[in-house]
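K.L.:
I am sharing entry22.csv, which consists of CSV, C-alpha atoms:
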chain,number,residue,atom,x,y,z
V,1,MET,CA,-205.8,73.8,19.9
V,2,LEU,CA,-205.7,77.5,18.9
V,3,THR,CA,-207.5,77.4,15.6
V,4,ARG,CA,-207.7,80.2,13.0
V,5,ARG,CA,-211.2,81.1,14.3
V,6,ARG,CA,-209.9,81.4,17.9
V,7,LEU,CA,-206.9,83.4,16.7
V,8,LEU,CA,-209.0,85.9,14.8
V,9,THR,CA,-211.6,86.2,17.6
V,10,GLY,CA,-209.2,86.1,20.6
V,11,ALA,CA,-207.2,88.7,22.4
V,12,ALA,CA,-205.3,89.9,19.3
V,13,ALA,CA,-208.5,90.6,17.4
V,14,LEU,CA,-210.2,92.3,20.4
V,15,ALA,CA,-207.3,94.6,20.8
V,16,LEU,CA,-207.2,95.4,17.1
V,17,ALA,CA,-210.9,96.2,17.1
V,18,ALA,CA,-210.3,98.9,19.6
V,19,GLY,CA,-207.9,100.6,17.1
V,20,LEU,CA,-210.1,100.3,14.0
V,21,GLY,CA,-210.6,103.6,12.4
V,22,LEU,CA,-206.9,104.4,12.3
V,23,PRO,CA,-206.2,106.2,9.0
V,24,LEU,CA,-203.5,103.7,8.1
V,25,ALA,CA,-202.1,103.4,4.6
V,26,PRO,CA,-202.1,100.0,2.7
V,27,ARG,CA,-200.3,97.2,4.5
V,28,GLY,CA,-196.8,98.1,3.2
V,29,ALA,CA,-195.1,101.0,1.7
V,30,SER,CA,-192.8,100.4,-1.2
V,31,ALA,CA,-192.1,104.0,-2.2
V,32,GLN,CA,-189.4,105.8,-0.3
V,33,SER,CA,-189.7,109.3,1.1
V,34,ALA,CA,-186.2,110.5,0.2
V,35,GLU,CA,-186.1,113.8,2.2
V,36,GLY,CA,-187.7,112.7,5.4
V,37,ARG,CA,-190.5,114.4,7.3
V,38,PRO,CA,-189.6,116.2,10.6
V,39,VAL,CA,-191.2,114.8,13.7
V,40,ASP,CA,-191.2,115.9,17.4
V,41,LEU,CA,-188.4,114.0,19.0
V,42,ALA,CA,-189.8,114.6,22.4
V,43,LYS,CA,-192.9,112.7,21.4
V,44,VAL,CA,-190.9,110.0,19.6
V,45,MET,CA,-188.9,109.2,22.8
V,46,ALA,CA,-191.7,109.9,25.3
V,47,PRO,CA,-192.2,107.2,28.0
V,48,ASP,CA,-195.7,106.4,26.6
V,49,ALA,CA,-194.5,106.1,23.0
V,50,SER,CA,-194.6,102.4,23.5
V,51,ALA,CA,-196.7,100.6,26.1
V,52,LEU,CA,-194.1,97.8,26.2
V,53,PRO,CA,-190.4,97.6,27.1
V,54,VAL,CA,-188.0,99.0,24.6
V,55,LYS,CA,-186.5,96.5,22.2
V,56,ALA,CA,-183.2,97.8,20.9
V,57,LEU,CA,-179.9,96.8,19.4
V,58,GLY,CA,-176.7,98.7,19.4
V,59,ALA,CA,-175.0,101.2,21.8
V,60,ALA,CA,-177.2,103.4,23.9
V,61,ASN,CA,-174.9,106.4,23.2
V,62,ALA,CA,-174.7,105.8,19.4
V,63,PRO,CA,-174.8,109.1,17.4
V,64,VAL,CA,-177.7,107.9,15.3
V,65,THR,CA,-181.0,106.4,16.5
V,66,ILE,CA,-183.3,104.5,14.0
V,67,ILE,CA,-186.8,103.6,15.2
V,68,GLU,CA,-188.5,101.2,12.8
V,69,TYR,CA,-192.3,100.8,12.8
V,70,ALA,CA,-193.3,97.5,11.1
V,71,SER,CA,-196.1,95.1,10.7
V,72,MET,CA,-195.2,91.4,10.8
V,73,THR,CA,-197.5,90.7,7.8
V,74,CYS,CA,-196.1,93.5,5.7
V,75,SER,CA,-194.2,92.0,2.8
V,76,HIS,CA,-192.1,95.2,2.3
V,77,CYS,CA,-191.0,94.9,6.0
V,78,ALA,CA,-190.0,91.3,5.4
V,79,ALA,CA,-188.0,92.3,2.4
V,80,PHE,CA,-186.2,95.0,4.4
V,81,HIS,CA,-185.4,92.6,7.2
V,82,THR,CA,-184.1,89.8,4.9
V,83,THR,CA,-182.1,92.0,2.6
V,84,THR,CA,-181.2,95.4,4.0
V,85,PHE,CA,-181.2,94.8,7.7
V,86,PRO,CA,-178.3,92.3,7.9
V,87,GLU,CA,-176.0,94.8,6.2
V,88,LEU,CA,-177.3,97.7,8.3
V,89,LYS,CA,-176.6,95.7,11.4
V,90,LYS,CA,-173.1,94.8,10.3
V,91,LYS,CA,-172.1,98.3,9.1
V,92,TYR,CA,-173.8,100.6,11.6
V,93,ILE,CA,-175.3,98.8,14.6
V,94,ASP,CA,-172.5,96.4,15.5
V,95,THR,CA,-169.9,99.2,15.1
V,96,GLY,CA,-171.6,101.5,17.6
V,97,LYS,CA,-172.8,104.1,15.1
V,98,VAL,CA,-176.5,103.3,15.3
V,99,ARG,CA,-179.0,102.4,18.0
V,100,PHE,CA,-181.9,100.5,16.4
V,101,ILE,CA,-185.3,100.4,18.1
V,102,PHE,CA,-188.1,98.2,16.8
V,103,ARG,CA,-191.7,99.1,17.5
V,104,GLU,CA,-195.0,97.4,16.6
V,105,LEU,CA,-197.5,98.8,14.0
V,106,PRO,CA,-199.8,95.8,13.3
V,107,PHE,CA,-202.5,96.2,10.7
V,108,GLU,CA,-204.6,93.2,11.5
V,109,PRO,CA,-205.0,90.4,14.1
V,110,VAL,CA,-202.5,88.0,12.5
V,111,ALA,CA,-199.7,90.6,12.7
V,112,THR,CA,-200.7,91.4,16.3
V,113,ALA,CA,-200.5,87.7,17.2
V,114,ALA,CA,-197.0,87.4,15.6
V,115,PHE,CA,-195.8,90.4,17.6
V,116,MET,CA,-197.3,88.9,20.8
V,117,LEU,CA,-195.3,85.7,20.1
V,118,ALA,CA,-192.0,87.7,19.8
V,119,ARG,CA,-192.9,89.6,23.0
V,120,CYS,CA,-193.4,86.3,24.9
V,121,MET,CA,-189.9,85.1,24.1
V,122,PRO,CA,-187.0,85.7,26.5
V,123,ASP,CA,-185.3,89.0,26.0
V,124,ASP,CA,-182.3,87.6,24.1
V,125,LYS,CA,-184.7,85.7,21.8
V,126,TYR,CA,-186.8,88.6,20.8
V,127,PHE,CA,-184.9,89.8,17.7
V,128,PRO,CA,-184.1,86.3,16.5
V,129,MET,CA,-187.8,85.6,16.7
V,130,ILE,CA,-188.6,88.7,14.7
V,131,SER,CA,-186.1,87.6,12.1
V,132,THR,CA,-187.5,84.1,11.9
V,133,LEU,CA,-191.1,85.4,11.5
V,134,PHE,CA,-190.0,87.7,8.6
V,135,GLU,CA,-188.0,84.9,7.0
V,136,THR,CA,-191.0,82.5,7.2
V,137,GLN,CA,-193.7,85.1,6.6
V,138,LYS,CA,-195.0,83.5,3.4
V,139,VAL,CA,-195.5,80.2,5.3
V,140,TRP,CA,-197.6,81.5,8.1
V,141,ALA,CA,-199.0,84.9,7.2
V,142,PHE,CA,-201.1,84.4,4.1
V,143,GLY,CA,-202.4,80.8,4.3
V,144,ASN,CA,-205.8,79.5,5.4
V,145,ASP,CA,-204.5,78.6,8.9
V,146,PRO,CA,-202.1,81.3,10.3
V,147,ALA,CA,-202.5,79.8,13.8
V,148,ALA,CA,-201.0,76.5,12.7
V,149,GLY,CA,-198.2,78.3,10.9
V,150,LEU,CA,-197.4,80.5,13.9
V,151,LEU,CA,-197.4,77.4,16.1
V,152,GLN,CA,-194.9,75.7,13.9
V,153,VAL,CA,-192.6,78.8,14.2
V,154,ALA,CA,-193.1,79.0,17.9
V,155,ARG,CA,-192.3,75.3,18.4
V,156,GLN,CA,-189.1,75.7,16.4
V,157,ALA,CA,-188.1,78.5,18.7
V,158,GLY,CA,-188.6,76.3,21.8
V,159,MET,CA,-192.1,77.3,22.8
V,160,SER,CA,-194.6,74.6,23.8
V,161,GLN,CA,-198.2,74.5,22.6
V,162,GLN,CA,-199.4,75.5,26.0
V,163,GLU,CA,-197.1,78.5,26.1
V,164,PHE,CA,-198.2,79.4,22.6
V,165,GLU,CA,-201.8,79.4,23.5
V,166,LYS,CA,-201.3,81.3,26.8
V,167,CYS,CA,-199.3,84.0,24.9
V,168,LEU,CA,-201.9,84.5,22.2
V,169,THR,CA,-204.8,84.7,24.6
V,170,ASP,CA,-203.1,87.4,26.8
V,171,GLN,CA,-205.5,90.3,26.5
V,172,ALA,CA,-203.3,92.7,28.3
V,173,LEU,CA,-200.4,92.0,26.0
V,174,ALA,CA,-202.5,92.3,22.9
V,175,GLU,CA,-203.8,95.7,24.0
V,176,LYS,CA,-200.2,97.0,24.7
V,177,VAL,CA,-199.1,95.9,21.3
V,178,GLN,CA,-202.0,97.8,19.7
V,179,ALA,CA,-201.3,100.8,21.9
V,180,SER,CA,-197.9,101.2,20.1
V,181,ALA,CA,-199.7,101.5,16.8
V,182,LEU,CA,-202.3,103.9,18.1
V,183,TYR,CA,-199.6,106.2,19.5
V,184,ALA,CA,-197.5,106.1,16.4
V,185,ASN,CA,-200.4,106.9,14.2
V,186,LYS,CA,-202.1,109.6,16.3
V,187,GLU,CA,-199.1,111.3,17.8
V,188,LEU,CA,-196.3,110.8,15.2
V,189,GLY,CA,-198.3,110.6,12.0
V,190,VAL,CA,-196.9,107.2,11.1
V,191,ASN,CA,-199.4,105.5,8.8
V,192,ALA,CA,-197.4,103.0,6.7
V,193,THR,CA,-194.9,100.2,7.1
V,194,PRO,CA,-192.1,100.0,7.2
V,195,SER,CA,-191.5,103.6,8.5
V,196,PHE,CA,-188.2,104.7,10.0
V,197,ILE,CA,-187.6,107.6,12.3
V,198,ILE,CA,-184.0,108.6,11.9
V,199,ASN,CA,-182.7,111.3,14.2
V,200,GLY,CA,-186.0,113.2,14.1
V,201,LYS,CA,-187.1,112.5,10.5
V,202,VAL,CA,-189.6,110.0,9.2
V,203,TYR,CA,-188.8,108.0,6.1
V,204,SER,CA,-191.3,105.5,4.7
V,205,GLY,CA,-190.6,102.4,2.6
V,206,ALA,CA,-188.3,99.5,2.5
V,207,LEU,CA,-185.1,101.5,2.2
V,208,SER,CA,-182.2,99.8,0.4
V,209,VAL,CA,-178.6,99.6,1.8
V,210,ALA,CA,-177.6,102.5,-0.6
V,211,GLU,CA,-180.6,104.6,0.5
V,212,MET,CA,-179.7,104.0,4.2
V,213,ASP,CA,-176.1,104.9,3.5
V,214,LYS,CA,-177.2,108.2,1.9
V,215,ILE,CA,-179.1,109.1,5.1
V,216,LEU,CA,-176.8,107.7,7.7
V,217,GLU,CA,-173.3,108.6,6.5
V,218,PRO,CA,-173.7,112.4,6.9
V,219,LEU,CA,-175.3,111.9,10.3
V,220,VAL,CA,-172.5,109.7,11.5
V,221,ALA,CA,-169.8,112.0,10.1
V,222,ALA,CA,-171.3,115.0,11.8
V,223,LYS,CA,-170.9,113.5,15.3
Is it possible to express this structure as C-alpha cells?
P.N.:
Amino acid sequence: MLTRRRLLTGAAALALAAGLGLPLAPRGASAQSAEGRPVDLAKVMAPDASALPVKALGAANAPVTIIEYASMTCSHCAAFHTTTFPELKKKYIDTGKVRFIFRELPFEPVATAAFMLARCMPDDKYFPMISTLFETQKVWAFGNDPAAGLLQVARQAGMSQQEFEKCLTDQALAEKVQASALYANKELGVNATPSFIINGKVYSGALSVAEMDKILEPLVAAK
C-alpha cells in the first residue's frame, strides 16, 4: 500500500527536491494582476516549455490562447476551476474562440503526485481527472493521509491500486512534471498559482468570469 510516508519520500518528492530553491510565491494567488505582464511568446510556446505532451481544449486555430499554470493543492486554483472555468469553457472554448492549455506548477510532493495521476489517465480522461481532483481537493489534499485520499479518487476514475502505485512511483514522470514548473519559473517568471498567459501577457490570481470577459472580449473582437 502506498502510505503517506511512501508518497512523500517517493518519486514525487525526489523530483520536487531537485527543484527546491525556486523563488515561488505562496501556494496560491488571490490578488489579480489587471493589466497583465508581457512575456516572450517564443519562450511560452517553445518545445521545451513543457517536458510532457500538451494538454489542451478548444480549436487549435482559436484567436486567443490561454495557458494556465496551476498547482493541484492550490485552493485558489480549485476555486477557479469549480466556479469560473465551466463558464469560460462554455462561452469561449466550446465556441472556438479560445484554446486552453493546462500546465503543471506543483509547489510540493502531494501536488506533484496529483498531477502524475492525471497524466497516467487515458488522454480523454485527463481533464475530467483534473476537474475531479479540484472538486475533491479538500478531501485528499489537506488531511493526514493524502495517499489514501488520492487512491480513493483514482479508484473512482477506474484506476486499480496496482496502477495507482505504479503511476506514483514513476520517477521519470515525476521529473517531467517538475520540469514544467522549473521552466515556467526560470524562463517565464511565473511564480504563483493560478497564473494565466493570455496572448502574450501574464495575469495572476483566480480570475472571475467578469475579469476574464474584460480581457478576452477585446482580443476576440480584434480577430
K.L.:
Could you please determine the separation between CA of Glu35 (chain V) and CA of Asn191 (chain V) in Å, to one decimal place?
P.N.:
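Computed distance, CA of Glu35 (chain V) to CA of Asn191 (chain V), equals 17.0 Å.
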K.L.:
Considering all atoms listed in the file, return as a compact mmCIF listing (two decimals) with C-alpha atoms, keeping the file's coordinate frame whatever protein or nucleic-acid residues lie within 12 Å of Met159 (chain V), sequence-local ones (same chain, fewer than 3 positions apart) excluded.
P.N.:
# COMPACT_ATOMS: atom_id res chain seq x y z
CA LEU V 117 -195.30 85.70 20.10
CA ALA V 118 -192.00 87.70 19.80
CA CYS V 120 -193.40 86.30 24.90
CA MET V 121 -189.90 85.10 24.10
CA PRO V 122 -187.00 85.70 26.50
CA LYS V 125 -184.70 85.70 21.80
CA MET V 129 -187.80 85.60 16.70
CA LEU V 150 -197.40 80.50 13.90
CA LEU V 151 -197.40 77.40 16.10
CA GLN V 152 -194.90 75.70 13.90
CA VAL V 153 -192.60 78.80 14.20
CA ALA V 154 -193.10 79.00 17.90
CA ARG V 155 -192.30 75.30 18.40
CA GLN V 156 -189.10 75.70 16.40
CA GLN V 162 -199.40 75.50 26.00
CA GLU V 163 -197.10 78.50 26.10
CA PHE V 164 -198.20 79.40 22.60
CA GLU V 165 -201.80 79.40 23.50
CA LYS V 166 -201.30 81.30 26.80
CA CYS V 167 -199.30 84.00 24.90
K.L.:
Quick one: residues within 8 Å of Gly96 (chain V), only C-alpha atoms counted, chain neighbours fewer than 6 positions away excluded, as a list in words?
P.N.:
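Near neighbours after the sequence-gap exclusion: Gly58, Ala59 and Ala62 of chain V.
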K.L.:
Write the selection just made, keeping C-alpha atoms, as a compact mmCIF listing (two decimals), in the frame of the given file?
P.N.:
# COMPACT_ATOMS: atom_id res chain seq x y z
CA GLY V 58 -176.70 98.70 19.40
CA ALA V 59 -175.00 101.20 21.80
CA ALA V 62 -174.70 105.80 19.40
K.L.:
Taking into account only C-alpha atoms, which residue in the set V:Thr136, V:Thr95, V:Ser50, V:Ser204 is nearest to Lys176 (chain V)?
P.N.:
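Ranking V:Thr136, V:Thr95, V:Ser50, V:Ser204 by distance to Lys176 (chain V), first place goes to V:Ser50.
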K.L.:
Would you mind listing what lies within 6 Å of region 98-114 of chain V as JSON, numbers by chain, with all atoms listed in the file counted and same-chain residues fewer than 5 positions away left out?
P.N.:
{"V": [12, 13, 55, 56, 57, 58, 59, 62, 64, 65, 66, 67, 68, 69, 70, 71, 72, 73, 92, 93, 180, 181]}
K.L.:
Calculated over all atoms listed in the file, which of the candidates V:Leu52, V:Ala192, V:Val202, V:Leu88 has the smallest distance to Leu173 (chain V)?
P.N.:
V:Leu52
K.L.:
Hey, can you check how far CA of Phe196 (chain V) sits from CA of Ala147 (chain V)?
P.N.:
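Spanning CA of Phe196 (chain V) to CA of Ala147 (chain V) is a straight-line distance of 29.0 Å.
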K.L.:
Which residues, written as a compact mmCIF listing (two decimals) with C-alpha atoms, in the coordinates of the input, have at least one atom at most 8 Å from Leu207 (chain V), with only C-alpha atoms counted and residues fewer than 2 positions away on the same chain left out?
P.N.:
# COMPACT_ATOMS: atom_id res chain seq x y z
CA GLN V 32 -189.40 105.80 -0.30
CA PHE V 80 -186.20 95.00 4.40
CA THR V 84 -181.20 95.40 4.00
CA SER V 204 -191.30 105.50 4.70
CA GLY V 205 -190.60 102.40 2.60
CA VAL V 209 -178.60 99.60 1.80
CA GLU V 211 -180.60 104.60 0.50
CA MET V 212 -179.70 104.00 4.20
K.L.:
Go ahead and compute the interatomic distance for CA of Lys97 (chain V) and CA of Cys74 (chain V), in Å to one decimal.
P.N.:
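Separating CA of Lys97 (chain V) from CA of Cys74 (chain V) is a distance of 27.3 Å.
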K.L.:
Point out the residue among V:Gln178, V:Ser160, V:Asn185, V:Thr82 with the least atom-to-atom distance to Ile130 (chain V), counting only C-alpha atoms.
P.N.:
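Going through V:Gln178, V:Ser160, V:Asn185, V:Thr82 one by one, the smallest distance to Ile130 (chain V) is for V:Thr82.
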K.L.:
Using all atoms listed in the file, can you tell me which of V:Ala174, V:Asn199, V:Leu133, V:Glu87 comes closest to Asp213 (chain V)?
P.N.:
V:Glu87
K.L.:
I need the residue nearest Ala172 (chain V) from this list: V:Val54, V:Pro47, V:Val39, V:Met116. Use only C-alpha atoms for the distance.
P.N.:
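Checking each of V:Val54, V:Pro47, V:Val39, V:Met116 against Ala172 (chain V), counting only C-alpha atoms, the winner is V:Met116.
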K.L.:
Please determine, counting all atoms listed in the file, which residue among V:His81, V:Lys223, V:Arg119, V:Lys43 has the shortest atom-to-atom distance to Thr132 (chain V).
P.N.:
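For Thr132 (chain V), the nearest of the given residues is V:His81.
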K.L.:
Contacts of Gly149 (chain V) at 9 Å or less, counting all atoms listed in the file, minus same-chain residues fewer than 6 places along, as an NGL selection string?
P.N.:
:V and (139-141 or 143)
